[in-house]
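Engineer: Quick one: this structure, given as structure tokens, is what I'll be asking you about.
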Amino acid sequence: MTNPTAPTAHHTPPAPAAAAIELVVMDMAGTTVADDGLVIDAFDSAATAVGLQEKGAEREDARRYVLETMGQSKIEVFRALFGAEDRAQAANTAFEAAYDARIDGGVMPIPGAAETIAGLREAGIAVVLTTGFSPATQHRILDALGWQTIADAYLAPGDSVRGRPHPDLVLTAAMRGRVGDMANVAVVGDTSSDILSGRRAGASVVVGVLTGAHRAETLRSAGATDVLDSVADLPALLLP
């Protein structure tokens, strides 16, 4: 017979297991690709092309805004800076021409990035590379690096996909990869826009890396679940 005065055993339910990551959505410039300041150089060319004074407070404010919005769709950045659509489009065209002209010899892989991507894919995790550049510029970078087949897919902002900090790139990657639960998605980037995009998409792991535009405190303030020195450290976080 059970003793009614015996203490009742209380069993703490086990903590839910961490979601198994099926997909990593990974930024390019600043995260997997180093471009040695080409964005600011190309912006200066674009700003000059649309008549912004080469020196002075207006140019410095514009440069600061470009740095703050690293990772976002470049046309959206130019719309915010220059207002009129024709001027924004002209700036974007000049920016892409200037950036593309510097790609050969101006971009290189972040150390360990290619090995990280290969290791994740070997472990059965899909990898999608994303960018705030146009699809044409993204393909130029991939061609320069010989990365045409390094990932499972490549995404850039377009007519039906908004750039960061909107969640579209992450959600599109998940839909194309037939991921059933956003908890199984990790997002990796070097800017607050990357982090916001991942958070808004519902990814369970949103990683900031310190090889690009923004510092650890900025990434954490945006909602990063983890901050790593480099994408080279990602396998230790995601792979058992």
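Ordering of the structure tokens sets the chain letters (A, B, ...), residue numbers begin anew at 1 in every chain, and ligands are numbered from 1 in the order given.
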With only C-alpha atoms as the counted atoms, please give the residues lying no more than 7 Å from region 154-167 of chain A, apart from itself and same-chain residues fewer than 3 positions off, as a ChimeraX atom specification.
Structural biologist: /A:71-73,128-135,170-171,193-194,196-198,200-201
Engineer: Give me, as an MDAnalysis selection string, the residues of region 128-199 of chain A that a backbone DSSP run labels helix (DSSP H, G or I).
Structural biologist: chainID A and resid 135:145 168:176 182:184 192:199
Engineer: Considering only C-alpha atoms, give me a table of residues in region 133-222 of chain A that are at most 7 Å from region 28-39 of chain A, with the closest atom pair and distance in Å for each, as JSON lines.
Structural biologist:
```
{"residue": "A:Gly189", "atom": "CA", "partner": "A:Thr31", "partner_atom": "CA", "distance": 5.5}
{"residue": "A:Asp190", "atom": "CA", "partner": "A:Thr31", "partner_atom": "CA", "distance": 5.5}
{"residue": "A:Val209", "atom": "CA", "partner": "A:Thr31", "partner_atom": "CA", "distance": 6.6}
{"residue": "A:Thr211", "atom": "CA", "partner": "A:Gly30", "partner_atom": "CA", "distance": 5.7}
{"residue": "A:Gly212", "atom": "CA", "partner": "A:Gly30", "partner_atom": "CA", "distance": 4.0}
{"residue": "A:Ala213", "atom": "CA", "partner": "A:Gly30", "partner_atom": "CA", "distance": 6.6}
```
Engineer: Using DSSP on the backbone coordinates, identify the residues of region 35-209 of chain A assigned to strand (DSSP E); present them as a PDB file with N, CA and C atoms, in the first residue's frame.
Structural biologist:
```
ATOM      1  N   MET A 108      38.206  38.121 -52.176  1.00  0.00           N
ATOM      2  CA  MET A 108      38.847  36.857 -51.806  1.00  0.00           C
ATOM      3  C   MET A 108      38.009  36.191 -50.721  1.00  0.00           C
ATOM      4  N   PRO A 109      38.128  34.879 -50.583  1.00  0.00           N
ATOM      5  CA  PRO A 109      37.355  34.215 -49.538  1.00  0.00           C
ATOM      6  C   PRO A 109      37.846  34.620 -48.151  1.00  0.00           C
ATOM      7  N   ALA A 126      22.119  22.022 -45.951  1.00  0.00           N
ATOM      8  CA  ALA A 126      22.138  22.842 -47.167  1.00  0.00           C
ATOM      9  C   ALA A 126      22.670  24.238 -46.845  1.00  0.00           C
ATOM     10  N   VAL A 127      23.354  24.835 -47.803  1.00  0.00           N
ATOM     11  CA  VAL A 127      23.901  26.185 -47.643  1.00  0.00           C
ATOM     12  C   VAL A 127      23.431  27.049 -48.812  1.00  0.00           C
ATOM     13  N   VAL A 128      22.853  28.201 -48.480  1.00  0.00           N
ATOM     14  CA  VAL A 128      22.441  29.180 -49.488  1.00  0.00           C
ATOM     15  C   VAL A 128      23.207  30.470 -49.230  1.00  0.00           C
ATOM     16  N   LEU A 129      23.874  30.996 -50.251  1.00  0.00           N
ATOM     17  CA  LEU A 129      24.607  32.255 -50.140  1.00  0.00           C
ATOM     18  C   LEU A 129      23.728  33.406 -50.614  1.00  0.00           C
ATOM     19  N   THR A 130      23.680  34.473 -49.827  1.00  0.00           N
ATOM     20  CA  THR A 130      22.831  35.623 -50.140  1.00  0.00           C
ATOM     21  C   THR A 130      23.653  36.904 -50.156  1.00  0.00           C
ATOM     22  N   ALA A 153      22.491  26.933 -53.341  1.00  0.00           N
ATOM     23  CA  ALA A 153      21.742  27.944 -54.082  1.00  0.00           C
ATOM     24  C   ALA A 153      22.301  29.318 -53.746  1.00  0.00           C
ATOM     25  N   TYR A 154      21.914  30.313 -54.578  1.00  0.00           N
ATOM     26  CA  TYR A 154      22.379  31.691 -54.421  1.00  0.00           C
ATOM     27  C   TYR A 154      21.172  32.610 -54.598  1.00  0.00           C
ATOM     28  N   LEU A 155      21.026  33.582 -53.704  1.00  0.00           N
ATOM     29  CA  LEU A 155      19.880  34.483 -53.765  1.00  0.00           C
ATOM     30  C   LEU A 155      20.326  35.931 -53.632  1.00  0.00           C
ATOM     31  N   VAL A 185      16.480  26.388 -39.293  1.00  0.00           N
ATOM     32  CA  VAL A 185      17.259  27.289 -40.150  1.00  0.00           C
ATOM     33  C   VAL A 185      18.216  28.119 -39.299  1.00  0.00           C
ATOM     34  N   ALA A 186      19.437  28.257 -39.765  1.00  0.00           N
ATOM     35  CA  ALA A 186      20.409  29.176 -39.169  1.00  0.00           C
ATOM     36  C   ALA A 186      20.745  30.258 -40.184  1.00  0.00           C
ATOM     37  N   VAL A 187      20.955  31.470 -39.704  1.00  0.00           N
ATOM     38  CA  VAL A 187      21.323  32.611 -40.541  1.00  0.00           C
ATOM     39  C   VAL A 187      22.649  33.161 -40.033  1.00  0.00           C
ATOM     40  N   VAL A 188      23.555  33.495 -40.961  1.00  0.00           N
ATOM     41  CA  VAL A 188      24.884  33.979 -40.587  1.00  0.00           C
ATOM     42  C   VAL A 188      25.200  35.242 -41.376  1.00  0.00           C
ATOM     43  N   GLY A 189      25.655  36.291 -40.682  1.00  0.00           N
ATOM     44  CA  GLY A 189      26.013  37.522 -41.369  1.00  0.00           C
ATOM     45  C   GLY A 189      26.846  38.435 -40.504  1.00  0.00           C
ATOM     46  N   VAL A 205      18.650  30.010 -34.984  1.00  0.00           N
ATOM     47  CA  VAL A 205      20.049  30.371 -34.765  1.00  0.00           C
ATOM     48  C   VAL A 205      20.382  31.520 -35.703  1.00  0.00           C
ATOM     49  N   VAL A 206      20.792  32.652 -35.136  1.00  0.00           N
ATOM     50  CA  VAL A 206      21.135  33.835 -35.931  1.00  0.00           C
ATOM     51  C   VAL A 206      22.506  34.300 -35.460  1.00  0.00           C
ATOM     52  N   VAL A 207      23.499  34.076 -36.288  1.00  0.00           N
ATOM     53  CA  VAL A 207      24.890  34.228 -35.897  1.00  0.00           C
ATOM     54  C   VAL A 207      25.495  35.476 -36.519  1.00  0.00           C
ATOM     55  N   GLY A 208      26.122  36.292 -35.704  1.00  0.00           N
ATOM     56  CA  GLY A 208      26.903  37.416 -36.199  1.00  0.00           C
ATOM     57  C   GLY A 208      28.374  37.052 -36.228  1.00  0.00           C
ATOM     58  N   VAL A 209      29.080  37.509 -37.265  1.00  0.00           N
ATOM     59  CA  VAL A 209      30.524  37.293 -37.357  1.00  0.00           C
ATOM     60  C   VAL A 209      31.242  38.637 -37.412  1.00  0.00           C
TER      61      VAL A 209
END
```
Engineer: State, in Å with one decimal place, the distance from CA of Gly146 (chain A) to CA of Ala173 (chain A).
Structural biologist: 21.7 Å
Engineer: With only C-alpha atoms as the basis for distance, which of A:Val179, A:Ala57, A:Gly223, A:Gly105 is at the shortest distance from Ala20 (chain A)?
Structural biologist: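 Of the candidates, the smallest distance to Ala20 (chain A) is held by A:Val179.
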Engineer: Suppose you want the space between CA of Arg140 (chain A) and CA of Ala98 (chain A); what is it in Å?
Structural biologist: 12.6 Å
Engineer: With the cut-off set at 12 Å and counting only C-alpha atoms, tabulate each residue of region 79-139 of chain A with an atom at most that distance from an atom of region 51-55 of chain A, showing the nearest atom pair and its distance in Å to one decimal, ordered by chain and increasing number, as a tab-separated table.
Structural biologist:
```
residue	atom	partner	partner_atom	distance
A:Leu81	CA	A:Leu52	CA	10.5
A:Phe82	CA	A:Leu52	CA	9.4
A:Arg87	CA	A:Gly51	CA	9.5
A:Ala88	CA	A:Gly51	CA	11.6
A:Ala90	CA	A:Gly51	CA	10.6
A:Ala91	CA	A:Gly51	CA	9.6
A:Ala94	CA	A:Gly51	CA	11.8
```
Engineer: Restricted to N, CA, C and O atoms, what would the selected residues look like written as a short mmCIF file (atom, residue, chain, number, x, y, z; two decimals), in the first residue's frame?
Structural biologist:
```cif
data_model
loop_
_atom_site.label_atom_id
_atom_site.label_comp_id
_atom_site.auth_asym_id
_atom_site.auth_seq_id
_atom_site.Cartn_x
_atom_site.Cartn_y
_atom_site.Cartn_z
N LEU A 81 18.90 57.58 -49.65
CA LEU A 81 19.85 58.68 -49.70
C LEU A 81 19.45 59.78 -50.66
O LEU A 81 19.59 60.97 -50.36
N PHE A 82 18.96 59.38 -51.84
CA PHE A 82 18.79 60.35 -52.93
C PHE A 82 17.34 60.64 -53.30
O PHE A 82 17.08 61.53 -54.10
N ARG A 87 17.33 59.28 -59.81
CA ARG A 87 18.66 59.52 -59.24
C ARG A 87 19.16 58.28 -58.50
O ARG A 87 20.34 57.93 -58.58
N ALA A 88 18.25 57.62 -57.79
CA ALA A 88 18.63 56.38 -57.09
C ALA A 88 19.07 55.31 -58.08
O ALA A 88 20.06 54.61 -57.86
N ALA A 90 20.26 55.78 -61.09
CA ALA A 90 21.53 56.19 -61.68
C ALA A 90 22.69 55.89 -60.72
O ALA A 90 23.76 55.42 -61.15
N ALA A 91 22.48 56.16 -59.44
CA ALA A 91 23.51 55.87 -58.44
C ALA A 91 23.76 54.38 -58.36
O ALA A 91 24.92 53.93 -58.27
N ALA A 94 25.78 53.23 -61.38
CA ALA A 94 27.18 53.65 -61.26
C ALA A 94 27.90 52.84 -60.19
O ALA A 94 29.08 52.46 -60.36
#
```
